[in-house]
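As structure tokens, the structure follows; a few thoughts come after it.
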Amino acid sequence: MNICVFLSAADLDDRYTRPAREFAKLIGKGGHTLVWGGSDVGLMKVVADGVKEAGGRLLGVSVEFLAAKARPGTDEMVIARDLAERKRLLLEKADAVVIMVGGTGTLDEATEILELKKHGHTDKPVVLLNTAGFYDGLKEQFHRMEDEGFLPRPLTDLVFFAEEPVGALAYLEESQGVE
């Protein structure tokens with residue numbers, strides 16, 4: 001399975017890097033491919049290192065203005081013209097999406113895939129990995145959107161909330177029929 005991971009390129013402390021490393025190891029051991037922003041810095045590097053060390057494949061999609069930070073030695077690296085093309089390529093190459101901790105770029109990517117799902121333009125499974133309660137506020141906001149009629153589909157049709165890496169991968173593998 002090609003698993004697209006949206007996440008930060010920032011250097012973060014252990015409460016975020018440890019679960020990210022754990023999730024990466026699960027991807028690699030499962031024989032899956034990491035599809036990610038292609039950067040070789042911060043949390044993106046942590047996840048790419050973990051997937052590679054555990055035997056998984058790396059498929060990066062960088063963007064021209066960040067090409068200098070692209071990871072060397074990937075199985076495949078694509079350089080997009082701009083962020084819009086990058087998002088399109090990431091989603092095109094993915095069978096499933098996991099939203100990990102991140103900033104505005106991660107939030108932008110997350111809302112795009114959820115908007116596509118909301119309107120029936122994709123049926124790819126999406127998991128929000130709520131590491132260390134990072135997305136508690138966003139989760140609450142999504143529930144409010146659902147409760148107050150802003151979502152035309154049940155929230156559970158759009159996104160699965162996982163508190164731990166093992167639950168995130170189990171959901172993806174089950175949804176894709178991977179044994």
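By convention in this document, the chains of the structure tokens carry letters A, B, ... by their order, each chain's residues are numbered from 1, and ligands are numbered from 1 in the order they are shown.
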Report the closest atom pair, with its distance in Å rounded to one decimal, for each residue of range 106-176 of chain A that has an atom no farther than 9 Å from range 24-39 of chain A; count only C-alpha atoms, sort by chain and then rising residue number, and write it as a tab-separated table.
residue	atom	partner	partner_atom	distance
A:Pro165	CA	A:Leu26	CA	8.0
A:Val166	CA	A:Leu26	CA	7.4
A:Leu169	CA	A:Leu26	CA	7.3
*asked:* Set the distance at 12 Å and use only C-alpha atoms: which residues neighbour range 140-147 of chain A once local chain neighbours fewer than 2 positions away are removed? I'd like the list as a PyMOL selection string.
replied: chain A and resi 111+114+118+128+130+133-138+149-161
*Which of A:Asp11, A:Glu85, A:Glu148, A:Glu92 sits closest to His121 in chain A [using only C-alpha atoms]*: A:Glu92
*For Asp123 in chain A, please output as a list in words all residues within 12 Å (counting only C-alpha atoms; exclusion window: fewer than 3 positions along the same chain).*
Leu91, Ala94, Asp95, Ala96, Val97, Ile113, Leu114, Glu115, Leu116, Lys117, Lys118, His119, Gly120, Val126, Asp157, Leu158, Val159, Ser175 and Gln176 of chain A
Output all heavy atoms for every residue in that selection, as a CSV table (one decimal), in the first residue's frame.
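The resulting file, out15.csv, is reproduced below:
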chain,number,residue,atom,x,y,z
A,91,LEU,N,-1.5,13.0,-3.5
A,91,LEU,CA,-2.8,12.2,-3.4
A,91,LEU,C,-3.0,11.2,-4.5
A,91,LEU,O,-3.5,10.2,-4.3
A,91,LEU,CB,-4.0,13.2,-3.3
A,91,LEU,CG,-4.0,14.1,-2.1
A,91,LEU,CD1,-5.1,15.2,-2.2
A,91,LEU,CD2,-4.2,13.3,-0.8
A,94,ALA,N,-1.0,8.0,-3.7
A,94,ALA,CA,-1.4,7.4,-2.5
A,94,ALA,C,-2.6,6.5,-2.6
A,94,ALA,O,-3.5,6.8,-3.3
A,94,ALA,CB,-1.6,8.4,-1.4
A,95,ASP,N,-2.6,5.4,-1.8
A,95,ASP,CA,-3.8,4.6,-1.6
A,95,ASP,C,-4.5,5.0,-0.3
A,95,ASP,O,-5.7,4.7,-0.2
A,95,ASP,CB,-3.4,3.1,-1.4
A,95,ASP,CG,-2.6,2.6,-2.7
A,95,ASP,OD1,-3.1,2.8,-3.8
A,95,ASP,OD2,-1.6,1.9,-2.5
A,96,ALA,N,-3.8,5.6,0.6
A,96,ALA,CA,-4.4,6.0,1.9
A,96,ALA,C,-3.6,7.2,2.4
A,96,ALA,O,-2.5,7.5,1.9
A,96,ALA,CB,-4.3,4.9,2.8
A,97,VAL,N,-4.2,8.0,3.3
A,97,VAL,CA,-3.6,9.2,3.8
A,97,VAL,C,-3.6,9.2,5.4
A,97,VAL,O,-4.6,8.8,6.0
A,97,VAL,CB,-4.3,10.4,3.4
A,97,VAL,CG1,-3.8,11.7,4.0
A,97,VAL,CG2,-4.2,10.5,1.8
A,113,ILE,N,-7.7,17.0,1.4
A,113,ILE,CA,-8.2,15.6,1.3
A,113,ILE,C,-9.6,15.4,1.9
A,113,ILE,O,-10.4,14.7,1.3
A,113,ILE,CB,-7.1,14.6,1.8
A,113,ILE,CG1,-7.6,13.1,1.5
A,113,ILE,CG2,-6.9,14.7,3.3
A,113,ILE,CD1,-7.6,12.7,0.1
A,114,LEU,N,-9.8,16.0,3.0
A,114,LEU,CA,-11.2,15.9,3.6
A,114,LEU,C,-12.2,16.6,2.7
A,114,LEU,O,-13.4,16.0,2.7
A,114,LEU,CB,-11.2,16.5,5.0
A,114,LEU,CG,-10.3,15.7,6.0
A,114,LEU,CD1,-10.2,16.4,7.4
A,114,LEU,CD2,-10.7,14.3,6.1
A,115,GLU,N,-11.9,17.7,2.1
A,115,GLU,CA,-12.9,18.3,1.2
A,115,GLU,C,-13.1,17.4,0.0
A,115,GLU,O,-14.3,17.3,-0.4
A,115,GLU,CB,-12.3,19.7,0.8
A,115,GLU,CG,-13.3,20.6,0.1
A,115,GLU,CD,-14.4,21.1,1.0
A,115,GLU,OE1,-14.4,20.9,2.2
A,115,GLU,OE2,-15.4,21.7,0.4
A,116,LEU,N,-12.1,16.8,-0.6
A,116,LEU,CA,-12.3,15.9,-1.7
A,116,LEU,C,-13.2,14.7,-1.3
A,116,LEU,O,-14.1,14.3,-2.0
A,116,LEU,CB,-10.9,15.4,-2.2
A,116,LEU,CG,-10.1,16.4,-2.9
A,116,LEU,CD1,-8.7,15.9,-3.1
A,116,LEU,CD2,-10.7,16.8,-4.2
A,117,LYS,N,-12.9,14.2,-0.1
A,117,LYS,CA,-13.8,13.1,0.4
A,117,LYS,C,-15.2,13.5,0.6
A,117,LYS,O,-16.2,12.8,0.3
A,117,LYS,CB,-13.2,12.5,1.7
A,117,LYS,CG,-12.1,11.5,1.5
A,117,LYS,CD,-11.9,10.7,2.7
A,117,LYS,CE,-12.8,9.5,2.8
A,117,LYS,NZ,-12.3,8.5,3.7
A,118,LYS,N,-15.4,14.7,1.2
A,118,LYS,CA,-16.7,15.2,1.5
A,118,LYS,C,-17.6,15.3,0.2
A,118,LYS,O,-18.8,15.0,0.3
A,118,LYS,CB,-16.6,16.6,2.2
A,118,LYS,CG,-17.9,17.2,2.5
A,118,LYS,CD,-17.7,18.6,3.2
A,118,LYS,CE,-17.8,19.7,2.1
A,118,LYS,NZ,-17.7,21.0,2.7
A,119,HIS,N,-16.9,15.7,-0.9
A,119,HIS,CA,-17.7,15.8,-2.1
A,119,HIS,C,-17.6,14.6,-3.0
A,119,HIS,O,-18.1,14.6,-4.2
A,119,HIS,CB,-17.1,17.0,-2.9
A,119,HIS,CG,-17.4,18.3,-2.2
A,119,HIS,ND1,-18.7,18.8,-2.1
A,119,HIS,CD2,-16.6,19.2,-1.6
A,119,HIS,CE1,-18.7,20.0,-1.5
A,119,HIS,NE2,-17.4,20.2,-1.1
A,120,GLY,N,-17.1,13.5,-2.5
A,120,GLY,CA,-17.1,12.2,-3.2
A,120,GLY,C,-16.1,12.1,-4.3
A,120,GLY,O,-16.2,11.3,-5.2
A,126,VAL,N,-8.6,8.0,5.3
A,126,VAL,CA,-7.9,9.1,5.9
A,126,VAL,C,-7.9,8.9,7.4
A,126,VAL,O,-8.9,8.7,8.0
A,126,VAL,CB,-8.5,10.5,5.6
A,126,VAL,CG1,-7.7,11.6,6.3
A,126,VAL,CG2,-8.5,10.7,4.1
A,157,ASP,N,-17.3,8.9,8.0
A,157,ASP,CA,-17.0,8.6,6.6
A,157,ASP,C,-15.8,9.4,6.0
A,157,ASP,O,-15.3,9.0,5.0
A,157,ASP,CB,-18.3,9.0,5.7
A,157,ASP,CG,-19.4,8.1,5.9
A,157,ASP,OD1,-19.3,7.1,6.6
A,157,ASP,OD2,-20.5,8.4,5.3
A,158,LEU,N,-15.5,10.5,6.7
A,158,LEU,CA,-14.4,11.3,6.2
A,158,LEU,C,-13.0,11.0,6.8
A,158,LEU,O,-12.0,11.0,6.1
A,158,LEU,CB,-14.7,12.8,6.5
A,158,LEU,CG,-16.0,13.4,5.9
A,158,LEU,CD1,-16.2,14.8,6.4
A,158,LEU,CD2,-15.9,13.3,4.4
A,159,VAL,N,-13.0,10.7,8.1
A,159,VAL,CA,-11.7,10.6,8.8
A,159,VAL,C,-11.8,9.6,10.0
A,159,VAL,O,-12.9,9.6,10.6
A,159,VAL,CB,-11.1,11.9,9.2
A,159,VAL,CG1,-12.0,12.6,10.2
A,159,VAL,CG2,-9.7,11.9,9.7
A,175,SER,N,-9.1,-1.3,6.0
A,175,SER,CA,-9.9,-0.6,4.9
A,175,SER,C,-9.5,-1.0,3.5
A,175,SER,O,-10.3,-0.9,2.6
A,175,SER,CB,-9.8,0.9,5.2
A,175,SER,OG,-8.5,1.4,4.9
A,176,GLN,N,-8.2,-1.4,3.3
A,176,GLN,CA,-7.7,-1.7,2.0
A,176,GLN,C,-7.6,-3.2,1.8
A,176,GLN,O,-7.1,-3.7,0.8
A,176,GLN,CB,-6.3,-1.1,1.9
A,176,GLN,CG,-6.2,0.4,1.9
A,176,GLN,CD,-6.9,1.0,0.7
A,176,GLN,OE1,-6.5,0.8,-0.5
A,176,GLN,NE2,-8.0,1.6,0.9
*Would you work out the distance separating CA of Gly50 in chain A from CA of Val127 in chain A, expressed in Å to one decimal?*
19.2 Å
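Between CA of Val61 in chain A and CA of Leu90 in chain A there is a distance of 6.4 Å.
Taking CA of Glu22 in chain A as the reference point, CA of Thr106 in chain A is found at 19.6 Å.
Proximity to Val5 in chain A was assessed for A:Met100, A:Ala132, A:Leu89, A:Ala110 counting only C-alpha atoms; the smallest distance is recorded for A:Met100.
Residues with any atom within 9 Å of Lys93 in chain A, counting only C-alpha atoms and excluding same-chain neighbours fewer than 6 positions away, are Asn2, Ile3, Cys4, Val35 and Leu59 of chain A.
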*Write down as a PyMOL selection string the residues belonging to chain A that are assigned strand (DSSP E or B) by DSSP computed on the backbone.*
chain A and resi 2-6+33-36+39+57-63+70+76-80+96-99+126-129+160-162
Selection near Val101 in chain A, 7 Å with only C-alpha atoms, sequence-local residues under 6 positions removed, as a tab-separated table (two decimals) with N, CA, C and O atoms, in the first residue's frame:
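Here's the written file selection_14.tsv:
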chain	number	residue	atom	x	y	z
A	7	LEU	N	2.87	15.72	7.30
A	7	LEU	CA	3.49	15.97	8.60
A	7	LEU	C	4.47	17.11	8.50
A	7	LEU	O	4.79	17.59	7.43
A	8	SER	N	4.97	17.50	9.65
A	8	SER	CA	5.87	18.64	9.77
A	8	SER	C	7.29	18.30	9.31
A	8	SER	O	7.74	17.16	9.43
A	131	THR	N	-1.31	12.31	17.90
A	131	THR	CA	-0.16	12.10	18.78
A	131	THR	C	-0.16	13.11	19.93
A	131	THR	O	-0.23	14.32	19.69
A	134	PHE	N	-2.32	16.22	20.15
A	134	PHE	CA	-2.04	17.40	19.33
A	134	PHE	C	-3.28	17.93	18.61
A	134	PHE	O	-3.46	19.13	18.48
*DSSP on the backbone: what in range 112-155 of chain A comes out helix (DSSP H, G or I), as a PyMOL selection string?*
chain A and resi 112-118+131-133+136-147+155
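The shortest atom-to-atom distance to Asp13 in chain A, with only C-alpha atoms taken into account, belongs to A:Gly42 out of A:Ala170, A:Gly42, A:Gly105, A:Leu83.
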_I'd like the neighbourhood of Thr74 in chain A as a list in words, where a residue qualifies if any of its atoms comes within 6 Å (using only C-alpha atoms), though same-chain residues fewer than 2 positions away should be ignored._
Leu58, Pro72 and Glu76 of chain A
Just write the chosen residues, N, CA, C and O atoms, as a PDB file, in the first residue's frame.
ATOM      1  N   LEU A  58      10.467   4.410  -0.296  1.00  0.00           N
ATOM      2  CA  LEU A  58      10.275   5.842  -0.149  1.00  0.00           C
ATOM      3  C   LEU A  58       9.945   6.474  -1.492  1.00  0.00           C
ATOM      4  O   LEU A  58      10.716   6.350  -2.446  1.00  0.00           O
ATOM      5  N   PRO A  72      18.102  12.543  -0.555  1.00  0.00           N
ATOM      6  CA  PRO A  72      18.800  11.775  -1.586  1.00  0.00           C
ATOM      7  C   PRO A  72      18.566  10.278  -1.383  1.00  0.00           C
ATOM      8  O   PRO A  72      18.252   9.840  -0.280  1.00  0.00           O
ATOM      9  N   GLU A  76      12.004   6.732  -5.292  1.00  0.00           N
ATOM     10  CA  GLU A  76      11.475   7.597  -6.344  1.00  0.00           C
ATOM     11  C   GLU A  76      11.314   8.998  -5.764  1.00  0.00           C
ATOM     12  O   GLU A  76      10.857   9.152  -4.641  1.00  0.00           O
TER      13      GLU A  76
END
